[in-house]
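Source file: input06.txt; contents: compact mmCIF, C-alpha atoms.
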# COMPACT_ATOMS: atom_id res chain seq x y z
CA MET A 672 7.86 15.39 -26.74
CA HIS A 673 9.50 12.15 -25.63
CA ALA A 674 10.16 11.88 -21.89
CA ALA A 675 13.93 11.58 -22.45
CA ALA A 676 14.06 15.01 -24.13
CA ARG A 677 12.28 16.85 -21.32
CA SER A 678 13.82 18.54 -18.33
CA ARG A 679 14.24 16.19 -15.41
CA VAL A 680 12.18 17.21 -12.39
CA LEU A 681 13.93 16.57 -9.09
CA VAL A 682 12.70 16.64 -5.48
CA THR A 683 15.10 18.87 -3.54
CA GLY A 684 13.14 19.73 -0.40
CA ILE A 685 10.68 18.08 2.00
CA GLY A 686 8.54 19.51 4.82
CA VAL A 687 6.12 17.48 6.93
CA GLU A 688 3.48 17.86 9.64
CA SER A 689 1.88 14.51 10.36
CA CYS A 690 0.35 12.47 13.15
CA ALA A 691 3.49 10.29 13.04
CA GLY A 692 5.82 13.24 13.52
CA ASP A 693 6.88 16.59 12.15
CA THR A 694 10.01 15.49 10.29
CA PRO A 695 10.55 13.10 7.36
CA ASP A 696 12.66 10.90 9.68
CA GLU A 697 9.87 10.55 12.24
CA LEU A 698 7.28 9.84 9.57
CA TRP A 699 9.52 7.27 7.91
CA ASP A 700 10.33 5.55 11.20
CA ALA A 701 6.62 4.95 11.81
CA LEU A 702 6.01 3.72 8.26
CA ALA A 703 9.11 1.53 8.14
CA THR A 704 8.33 -0.19 11.43
CA GLY A 705 4.56 -0.37 10.95
CA ARG A 706 4.05 1.57 14.19
CA SER A 707 0.54 3.00 14.25
CA ALA A 708 0.16 6.75 14.80
CA ILE A 709 -3.59 6.49 15.34
CA SER A 710 -5.05 7.50 18.70
CA ALA A 711 -8.36 8.23 20.41
CA LEU A 712 -10.27 11.35 19.35
CA ASP A 713 -11.40 13.83 21.98
CA LEU A 714 -14.94 14.54 20.77
CA ASP A 715 -17.85 16.22 22.51
CA GLU A 716 -20.39 14.27 20.45
CA PRO A 717 -21.12 10.52 20.62
CA LEU A 718 -20.05 9.81 17.03
CA PRO A 719 -19.46 6.23 15.86
CA CYS A 720 -15.95 7.31 14.83
CA ARG A 721 -13.73 7.44 17.90
CA VAL A 722 -10.18 7.25 16.50
CA GLY A 723 -7.98 9.34 14.20
CA GLY A 724 -4.55 10.57 13.26
CA VAL A 725 -4.11 13.64 15.46
CA ILE A 726 -1.10 15.95 15.33
CA SER A 727 -0.24 16.57 18.96
CA GLY A 728 1.92 19.39 20.25
CA PHE A 729 1.80 21.53 17.13
CA ASP A 730 2.46 25.18 18.02
CA PRO A 731 2.01 27.55 15.05
CA ARG A 732 3.90 30.27 16.94
CA GLN A 733 7.10 28.42 16.08
CA TYR A 734 6.52 29.37 12.44
CA MET A 735 4.47 32.55 12.37
CA SER A 736 3.83 35.69 14.35
CA VAL A 737 1.08 35.96 16.95
CA PRO A 738 -1.02 38.24 14.68
CA GLN A 739 -0.68 35.65 11.88
CA VAL A 740 -1.81 32.91 14.24
CA ARG A 741 -4.89 34.91 15.17
CA ARG A 742 -5.79 35.48 11.51
CA THR A 743 -5.40 31.86 10.39
CA SER A 744 -7.05 28.50 10.91
CA ARG A 745 -5.36 25.17 11.55
CA PHE A 746 -5.15 23.97 7.96
CA GLN A 747 -3.40 27.21 6.96
CA GLN A 748 -0.97 26.93 9.85
CA LEU A 749 -0.08 23.31 9.05
CA LEU A 750 0.67 24.08 5.40
CA PHE A 751 2.64 27.19 6.35
CA ALA A 752 4.85 25.18 8.71
CA ALA A 753 5.44 22.42 6.15
CA ALA A 754 6.29 24.97 3.45
CA LEU A 755 8.88 26.73 5.61
CA LYS A 756 10.47 23.37 6.43
CA ALA A 757 10.59 22.38 2.76
CA ARG A 758 12.20 25.69 1.84
CA GLN A 759 14.81 25.24 4.55
CA ASP A 760 15.49 21.63 3.57
CA ALA A 761 16.02 22.70 -0.04
CA GLY A 762 18.26 25.60 0.98
CA LEU A 763 16.26 28.04 -1.14
CA ARG A 764 17.36 31.65 -1.08
CA THR A 765 15.06 32.94 -3.81
CA ALA A 766 11.31 32.76 -4.22
CA PRO A 767 9.92 29.66 -5.98
CA GLY A 768 8.26 30.35 -9.29
CA ALA A 769 4.95 28.61 -8.57
CA LEU A 770 2.93 26.89 -5.88
CA TYR A 771 0.31 24.14 -6.22
CA VAL A 772 -1.62 22.99 -3.15
CA GLY A 773 -4.15 20.19 -2.79
CA THR A 774 -6.86 20.16 -0.13
CA GLY A 775 -10.16 18.39 0.12
CA GLY A 776 -12.06 20.66 2.48
CA GLY A 777 -9.91 23.65 3.35
CA GLY A 778 -11.23 25.32 6.48
CA LEU A 779 -14.19 23.05 7.21
CA ASP A 780 -13.69 23.51 10.95
CA GLU A 781 -13.81 27.29 10.57
CA THR A 782 -17.01 27.05 8.53
CA ALA A 783 -18.63 25.16 11.40
CA ARG A 784 -17.39 27.75 13.91
CA GLN A 785 -18.83 30.63 11.91
CA VAL A 786 -22.20 28.90 11.58
CA THR A 787 -22.25 28.39 15.36
CA LEU A 788 -21.56 32.09 15.92
CA LEU A 789 -24.27 33.05 13.43
CA ARG A 790 -26.92 30.96 15.11
CA ALA A 791 -25.92 31.97 18.62
CA SER A 792 -25.43 35.72 18.18
CA GLY A 793 -26.49 36.81 14.69
CA TRP A 794 -24.46 37.72 11.65
CA SER A 795 -22.99 40.91 13.07
CA ARG A 796 -21.25 38.90 15.80
CA MET A 797 -19.51 36.58 13.38
CA ASP A 798 -15.74 36.81 13.12
CA ARG A 799 -14.87 39.50 10.57
CA LEU A 800 -11.89 37.46 9.39
CA GLY A 801 -13.71 34.15 9.42
CA LEU A 802 -14.00 34.05 5.64
CA LEU A 803 -10.22 34.24 5.31
CA ARG A 804 -9.86 31.25 7.61
CA LEU A 805 -12.20 28.97 5.70
CA LEU A 806 -11.54 29.60 2.00
CA PRO A 807 -9.50 26.67 0.62
CA ASN A 808 -7.13 28.93 -1.35
CA GLN A 809 -6.09 30.98 1.65
CA ALA A 810 -3.48 28.46 2.82
CA ALA A 811 -1.65 28.70 -0.50
CA GLY A 812 -2.07 32.48 -0.50
CA LEU A 813 -0.51 32.72 2.94
CA VAL A 814 2.53 30.71 1.84
CA ALA A 815 2.85 32.72 -1.38
CA GLN A 816 2.85 35.97 0.59
CA GLU A 817 5.51 34.72 2.98
CA LEU A 818 7.79 33.31 0.28
CA GLY A 819 7.16 35.98 -2.36
CA ILE A 820 5.72 33.62 -4.98
CA THR A 821 4.28 35.78 -7.76
CA GLY A 822 3.84 33.07 -10.41
CA PRO A 823 0.93 30.63 -10.52
CA VAL A 824 -0.46 29.91 -7.04
CA LEU A 825 -3.24 27.37 -7.49
CA THR A 826 -5.34 25.32 -5.09
CA LEU A 827 -6.60 21.97 -6.36
CA SER A 828 -9.52 20.17 -4.77
CA THR A 829 -10.04 16.66 -6.09
CA ALA A 830 -10.88 15.00 -2.77
CA CYS A 831 -8.31 12.37 -1.77
CA ALA A 832 -6.40 12.84 -5.02
CA SER A 833 -5.85 16.56 -4.44
CA SER A 834 -2.19 16.68 -3.44
CA THR A 835 -1.23 13.92 -5.87
CA ASP A 836 -2.70 16.13 -8.57
CA ALA A 837 -0.66 19.01 -7.15
CA ILE A 838 2.53 17.02 -7.81
CA GLY A 839 1.39 16.46 -11.39
CA ALA A 840 0.71 20.18 -11.80
CA GLY A 841 4.16 21.04 -10.49
CA LEU A 842 5.78 18.50 -12.80
CA ARG A 843 4.09 20.03 -15.83
CA ALA A 844 4.95 23.58 -14.74
CA ILE A 845 8.66 22.78 -14.75
CA ARG A 846 8.46 20.81 -18.00
CA ASP A 847 6.60 23.66 -19.66
CA GLY A 848 9.17 26.21 -18.55
CA ILE A 849 6.79 28.11 -16.27
CA ALA A 850 9.26 27.90 -13.40
CA ASP A 851 12.53 26.22 -12.45
CA ILE A 852 11.53 25.79 -8.80
CA VAL A 853 8.00 24.88 -7.73
CA LEU A 854 6.46 24.07 -4.37
CA VAL A 855 3.75 21.40 -4.30
CA GLY A 856 1.79 20.69 -1.16
CA GLY A 857 -1.20 19.12 0.45
CA VAL A 858 -3.05 19.90 3.64
CA GLU A 859 -6.09 18.70 5.54
CA SER A 860 -7.48 19.31 9.00
CA TRP A 861 -10.90 17.70 9.15
CA LEU A 862 -11.14 16.19 12.62
CA ASP A 863 -13.98 18.50 13.68
CA VAL A 864 -17.37 17.05 14.57
CA PRO A 865 -19.43 18.28 11.54
CA ALA A 866 -16.95 16.87 9.05
CA LEU A 867 -16.59 13.56 10.88
CA ALA A 868 -20.35 13.29 11.33
CA SER A 869 -20.88 13.77 7.61
CA PHE A 870 -18.50 10.90 6.82
CA CYS A 871 -20.12 8.76 9.52
CA LEU A 872 -23.48 9.24 7.83
CA LEU A 873 -21.94 7.74 4.69
CA ASP A 874 -20.66 4.76 6.73
CA ALA A 875 -17.18 5.67 5.51
CA LEU A 876 -15.27 5.76 8.81
CA SER A 877 -14.05 2.97 11.06
CA GLN A 878 -16.16 2.43 14.16
CA ARG A 879 -13.53 0.63 16.19
CA PRO A 880 -13.44 1.80 19.83
CA ALA A 881 -10.74 4.09 21.15
CA ALA A 882 -9.07 1.17 22.94
CA GLN A 883 -8.39 -0.41 19.52
CA ALA A 884 -7.07 2.75 17.85
CA ALA A 885 -3.78 1.20 16.70
CA ALA A 886 -5.65 -1.63 14.94
CA ALA A 887 -8.38 0.50 13.35
CA SER A 888 -6.82 1.17 9.93
CA ARG A 889 -6.36 -2.17 8.19
CA PRO A 890 -6.24 -1.88 4.39
CA PHE A 891 -6.86 -5.08 2.42
CA ASP A 892 -7.70 -6.95 5.62
CA ARG A 893 -10.86 -9.04 5.78
CA ASP A 894 -11.94 -7.27 8.99
CA ARG A 895 -11.54 -3.68 7.80
CA ASP A 896 -14.53 -1.44 8.51
CA GLY A 897 -13.71 2.00 7.11
CA MET A 898 -11.28 4.88 6.87
CA VAL A 899 -9.46 6.33 9.85
CA PRO A 900 -9.42 10.14 9.49
CA ALA A 901 -6.16 12.03 9.97
CA GLU A 902 -4.88 15.57 9.66
CA GLY A 903 -1.60 16.67 8.20
CA ALA A 904 0.39 18.64 5.66
CA ALA A 905 3.43 18.08 3.49
CA VAL A 906 5.29 20.16 0.92
CA LEU A 907 7.85 19.10 -1.67
CA VAL A 908 10.23 21.37 -3.55
CA LEU A 909 10.36 20.34 -7.21
CA GLU A 910 13.22 21.67 -9.28
CA SER A 911 14.53 21.41 -12.79
CA GLU A 912 17.77 19.50 -13.12
CA ARG A 913 19.48 22.61 -14.45
CA SER A 914 18.53 24.65 -11.39
CA ALA A 915 19.38 21.87 -8.93
CA LEU A 916 22.83 21.38 -10.47
CA ARG A 917 23.49 25.10 -10.45
CA ARG A 918 22.64 25.34 -6.75
CA GLY A 919 24.33 22.08 -5.77
CA ALA A 920 21.05 20.95 -4.25
CA THR A 921 20.54 17.67 -2.39
CA VAL A 922 18.26 15.40 -4.42
CA HIS A 923 15.69 13.22 -2.65
CA GLY A 924 14.28 11.67 -5.79
CA GLU A 925 12.82 12.40 -9.19
CA VAL A 926 9.28 12.87 -10.47
CA LEU A 927 9.09 10.92 -13.71
CA GLY A 928 5.44 11.15 -14.72
CA ALA A 929 1.89 11.83 -13.61
CA ALA A 930 -1.68 11.41 -14.78
CA SER A 931 -5.26 12.11 -13.69
CA THR A 932 -8.62 10.71 -14.76
CA CYS A 933 -12.21 10.47 -13.55
CA ASP A 934 -14.38 7.36 -13.19
CA ALA A 935 -17.50 9.36 -14.14
CA HIS A 936 -19.38 6.69 -12.23
CA HIS A 937 -20.67 7.64 -8.75
CA PRO A 938 -20.33 10.47 -6.17
CA VAL A 939 -18.60 8.31 -3.54
CA ALA A 940 -18.17 4.75 -4.86
CA PRO A 941 -15.30 3.80 -7.17
CA ARG A 942 -16.01 2.12 -10.46
CA PRO A 943 -16.05 -1.57 -9.42
CA ASP A 944 -13.93 -2.94 -12.25
CA GLY A 945 -11.12 -0.45 -11.60
CA ALA A 946 -10.74 0.14 -15.34
CA VAL A 947 -10.31 3.93 -15.24
CA ALA A 948 -8.11 3.81 -12.15
CA ALA A 949 -5.93 1.30 -14.00
CA ARG A 950 -5.73 3.61 -17.00
CA THR A 951 -4.50 6.37 -14.68
CA ILE A 952 -1.56 4.22 -13.62
CA GLU A 953 -0.84 3.27 -17.23
CA LEU A 954 -0.95 6.91 -18.34
CA ALA A 955 1.37 8.00 -15.54
CA CYS A 956 3.88 5.33 -16.50
CA ALA A 957 3.57 6.29 -20.16
CA ASP A 958 4.18 9.91 -19.19
CA ALA A 959 7.35 8.70 -17.48
CA GLY A 960 8.37 6.83 -20.63
CA LEU A 961 8.13 3.48 -18.83
CA GLU A 962 6.19 0.25 -19.00
CA THR A 963 4.25 -0.72 -15.88
CA ALA A 964 6.55 -3.76 -15.59
CA ALA A 965 9.37 -1.37 -14.66
CA VAL A 966 7.67 -0.44 -11.37
CA ASP A 967 9.29 -1.87 -8.23
CA LEU A 968 6.92 -0.46 -5.59
CA ILE A 969 3.30 0.65 -5.42
CA SER A 970 2.25 2.94 -2.59
CA ALA A 971 -1.44 2.06 -2.53
CA HIS A 972 -4.33 4.36 -1.70
CA GLY A 973 -5.50 1.60 0.66
CA THR A 974 -8.25 3.39 2.56
CA SER A 975 -9.36 0.37 4.62
CA THR A 976 -12.87 0.56 3.15
CA PRO A 977 -14.40 -2.57 1.61
CA LEU A 978 -15.08 -0.95 -1.77
CA ASN A 979 -11.81 0.92 -2.29
CA ASP A 980 -9.51 -1.96 -1.40
CA ARG A 981 -11.24 -4.43 -3.70
CA THR A 982 -11.43 -1.92 -6.54
CA GLU A 983 -7.80 -0.91 -6.11
CA THR A 984 -6.77 -4.56 -6.26
CA ALA A 985 -8.69 -4.93 -9.51
CA ALA A 986 -7.08 -1.76 -10.89
CA ILE A 987 -3.57 -2.98 -10.08
CA LYS A 988 -4.25 -6.30 -11.80
CA ARG A 989 -5.53 -4.50 -14.91
CA ALA A 990 -2.67 -2.01 -15.06
CA PHE A 991 0.21 -4.35 -14.29
CA GLY A 992 -0.96 -7.67 -15.74
CA PRO A 993 1.27 -10.58 -14.62
CA HIS A 994 3.62 -8.09 -12.94
CA ALA A 995 0.85 -7.33 -10.41
CA ARG A 996 1.79 -10.50 -8.53
CA GLN A 997 5.47 -9.62 -8.45
CA VAL A 998 5.52 -5.91 -7.58
CA ALA A 999 5.76 -4.94 -3.91
CA ILE A 1000 2.81 -2.99 -2.51
CA THR A 1001 2.53 -1.04 0.73
CA ALA A 1002 -0.45 0.77 2.29
CA PRO A 1003 0.75 3.73 4.41
CA LYS A 1004 -2.73 4.59 5.72
CA SER A 1005 -2.49 1.48 7.89
CA VAL A 1006 -0.03 3.51 9.98
CA ILE A 1007 -0.96 7.18 9.53
CA GLY A 1008 -4.65 7.07 8.63
CA HIS A 1009 -6.30 9.03 5.85
CA ALA A 1010 -5.34 12.70 5.57
CA CYS A 1011 -7.74 13.17 2.65
CA GLY A 1012 -6.46 15.94 0.36
CA ALA A 1013 -3.01 15.81 1.96
CA CYS A 1014 -2.53 12.04 1.81
CA GLY A 1015 -0.83 11.93 -1.60
CA ILE A 1016 2.13 14.11 -0.68
CA ILE A 1017 2.48 12.83 2.88
CA GLU A 1018 2.61 9.29 1.50
CA SER A 1019 4.99 10.39 -1.26
CA VAL A 1020 7.49 11.30 1.44
CA GLY A 1021 7.35 7.64 2.45
CA VAL A 1022 7.91 6.60 -1.16
CA LEU A 1023 11.00 8.78 -1.46
CA ARG A 1024 12.44 7.39 1.75
CA ALA A 1025 11.64 3.82 0.73
CA MET A 1026 13.65 4.34 -2.45
CA GLN A 1027 16.55 5.90 -0.57
CA ASP A 1028 16.66 3.19 2.13
CA LYS A 1029 15.93 0.35 -0.31
CA TYR A 1030 13.17 -0.89 1.96
CA VAL A 1031 9.51 -1.75 1.44
CA PRO A 1032 7.53 -0.65 4.51
CA PRO A 1033 4.89 -3.05 5.79
CA THR A 1034 1.12 -2.78 5.63
CA ALA A 1035 0.20 -2.79 9.31
CA ASN A 1036 -2.77 -4.73 10.70
CA LEU A 1037 -3.00 -7.01 7.67
CA ASP A 1038 -3.66 -10.06 9.84
CA ASN A 1039 -6.37 -11.71 7.76
CA PRO A 1040 -6.08 -10.84 4.07
CA ASP A 1041 -9.34 -10.41 2.19
CA PRO A 1042 -9.56 -13.24 -0.38
CA ASP A 1043 -10.53 -10.60 -2.96
CA CYS A 1044 -7.32 -8.68 -2.18
CA ASP A 1045 -4.78 -11.33 -3.08
CA LEU A 1046 -1.65 -9.38 -4.08
CA ASP A 1047 1.63 -8.84 -2.21
CA TYR A 1048 0.72 -6.02 0.19
CA THR A 1049 3.79 -6.63 2.40
CA PRO A 1050 1.75 -7.72 5.42
CA LEU A 1051 3.02 -6.83 8.91
CA VAL A 1052 6.76 -7.03 8.17
CA GLY A 1053 8.77 -4.87 5.76
CA ARG A 1054 11.66 -6.09 3.66
CA SER A 1055 14.77 -4.90 1.85
CA ALA A 1056 14.45 -4.33 -1.89
CA VAL A 1057 16.02 -2.32 -4.67
CA ILE A 1058 13.46 0.31 -5.65
CA ASN A 1059 14.30 2.31 -8.75
CA VAL A 1060 10.75 3.17 -9.82
CA ALA A 1061 7.68 3.61 -7.62
CA VAL A 1062 4.06 4.61 -8.18
CA LYS A 1063 2.03 6.65 -5.71
CA GLN A 1064 -1.69 6.36 -6.50
CA ASN A 1065 -4.69 8.00 -4.86
CA PHE A 1066 -8.40 7.85 -5.62
CA GLY A 1067 -11.06 10.23 -4.33
CA PHE A 1068 -14.77 10.86 -4.02
CA GLY A 1069 -16.26 11.99 -7.30
CA GLY A 1070 -14.28 9.32 -9.12
CA GLN A 1071 -11.04 11.31 -9.02
CA ASN A 1072 -7.99 9.21 -9.86
CA SER A 1073 -4.39 10.37 -9.75
CA ALA A 1074 -1.00 8.66 -9.99
CA VAL A 1075 2.60 9.86 -9.86
CA VAL A 1076 5.71 7.92 -10.85
CA PHE A 1077 8.89 8.53 -8.86
CA GLY A 1078 12.45 7.58 -9.70
CA SER A 1079 15.26 7.06 -7.20
CA ALA A 1080 17.77 9.82 -6.56

Translate this structure into structure tokens?
Amino acid sequence: MHAAARSRVLVTGIGVESCAGDTPDELWDALATGRSAISALDLDEPLPCRVGGVISGFDPRQYMSVPQVRRTSRFQQLLFAAALKARQDAGLRTAPGALYVGTGGGGLDETARQVTLLRASGWSRMDRLGLLRLLPNQAAGLVAQELGITGPVLTLSTACASSTDAIGAGLRAIRDGIADIVLVGGVESWLDVPALASFCLLDALSQRPAAQAAAASRPFDRDRDGMVPAEGAAVLVLESERSALRRGATVHGEVLGAASTCDAHHPVAPRPDGAVAARTIELACADAGLETAAVDLISAHGTSTPLNDRTETAAIKRAFGPHARQVAITAPKSVIGHACGACGIIESVGVLRAMQDKYVPPTANLDNPDPDCDLDYTPLVGRSAVINVAVKQNFGFGGQNSAVVFGSA
């Protein structure tokens, strides 16, 4: 079916928990000004990674009962809070018809805690509810129970592309008539020592000292040295145009198209020529019924790793051709770090606000551009621009590629 004949899919609610703040306004203020939300990590192990995007002051008791807090782990609590905020922002009075959540690791911190208990005291002394705190699907299940969602409730795990894929799943659910209102979310809380140590062993994380936390994440910069880990959650309410009009809902933007592919190349390294990543962008635009030349803004994956940034540059050049040197590009991880499975939706909030405010946020810390990364990444200073169409792209371990096309409200 041609895109023009399908139901329009609108964004009518937003909920956020991020290291830059717990509202869309706070997150956008950091992105728009290029103000880093990265800080020192309080670790009890001498890991090379000393900085990250930490959510400070989060109190789950603001959103759930004390018994619920005791039964849940941090990643579940973050998603729960974001989901309640999104529901409130959308003014929903009935249960959504479906829920799709992306997460890379789920309760990795709880897994480590249970292993520690096992080794210290034996299996019988492990937490009886520990399993419910670590399973990746339990965050979505918790939200579904609270909101009464009895349709599809699916958890997607495609590494850093997880929540971007969740948006695509929600888009298709509304197009296919599965539901008129769908929640899509992403969550990650992976700042525990075992998870960080595992990434350190892959030389994937920045080793800048705590005193240089604000300058640690520097996508497309010659002096970048790795990802800066971050935790966070975000939830969007997607709604058919018919339902949004009937409710008189506020519209934040529109989801026009989405696509996913796999490099089928390497467990952690992207395919160097960026060919499959480029095809993802092309397919997402085709799904939106648009040429890539119609795109005004690219929200890059921009992990601040040598391989990703070069490969992403190559992918953009392949997908956009001559337009690659004209389209504005921004790299939000320069400000908020890398929230892994949650990054796609957290960064999509920035895309929606960029379109509303007609402003391209800067890529922070891009002081010395890598000669191999020679496109317009909006270094250091943002600028006004009319943004009618934007692409949010994310690429993950395992060769997972995902892209979503947004339209202005």

> Leaving out A:Gln997 and any residue of its chain fewer than 5 positions from it, which residues lie within 12 Å of it when counting only C-alpha atoms, given as number ranges by chain?
Replying inline: A: 963-969, 987-988, 991-992, 1045-1049

Non-local contacts of A:Ser911 (9 Å; all atoms listed in the file; under 2 positions in same chain excluded) as a PDB file with C-alpha atoms, in the frame of the given file:
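Writing done, so here's around.pdb:
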ATOM      1  CA  SER A 678      13.820  18.540 -18.330  1.00  0.00           C
ATOM      2  CA  ARG A 679      14.240  16.190 -15.410  1.00  0.00           C
ATOM      3  CA  VAL A 680      12.180  17.210 -12.390  1.00  0.00           C
ATOM      4  CA  LEU A 681      13.930  16.570  -9.090  1.00  0.00           C
ATOM      5  CA  VAL A 682      12.700  16.640  -5.480  1.00  0.00           C
ATOM      6  CA  ILE A 845       8.660  22.780 -14.750  1.00  0.00           C
ATOM      7  CA  ARG A 846       8.460  20.810 -18.000  1.00  0.00           C
ATOM      8  CA  ALA A 850       9.260  27.900 -13.400  1.00  0.00           C
ATOM      9  CA  ASP A 851      12.530  26.220 -12.450  1.00  0.00           C
ATOM     10  CA  ILE A 852      11.530  25.790  -8.800  1.00  0.00           C
ATOM     11  CA  VAL A 853       8.000  24.880  -7.730  1.00  0.00           C
ATOM     12  CA  LEU A 909      10.360  20.340  -7.210  1.00  0.00           C
ATOM     13  CA  ARG A 913      19.480  22.610 -14.450  1.00  0.00           C
ATOM     14  CA  SER A 914      18.530  24.650 -11.390  1.00  0.00           C
ATOM     15  CA  ALA A 915      19.380  21.870  -8.930  1.00  0.00           C
ATOM     16  CA  LEU A 916      22.830  21.380 -10.470  1.00  0.00           C
TER      17      LEU A 916
END

> If you count only C-alpha atoms, which residues fall within 6 Å of stretch 984-986 of chain A, apart from same-chain ones fewer than 5 positions away, as a PyMOL selection string?
Replying inline: chain A and resi 945+948-949+1044

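The interatomic distance for the pair atom CA of A:Tyr1030 and atom CA of A:Ala752 works out to 28.2 Å.
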
Could the residues of stretch 862-899 of chain A that have an atom at most 12 Å from stretch 1051-1058 of chain A be listed as JSON lines, each with its closest atom pair and the distance in Å to one decimal, counting all atoms listed in the file and ordered by chain and ascending residue number?
{"residue": "A:Ala886", "atom": "CA", "partner": "A:Leu1051", "partner_atom": "CA", "distance": 11.8}
{"residue": "A:Arg889", "atom": "CA", "partner": "A:Leu1051", "partner_atom": "CA", "distance": 10.5}
{"residue": "A:Pro890", "atom": "CA", "partner": "A:Leu1051", "partner_atom": "CA", "distance": 11.4}
{"residue": "A:Phe891", "atom": "CA", "partner": "A:Leu1051", "partner_atom": "CA", "distance": 11.9}
{"residue": "A:Asp892", "atom": "CA", "partner": "A:Leu1051", "partner_atom": "CA", "distance": 11.2}
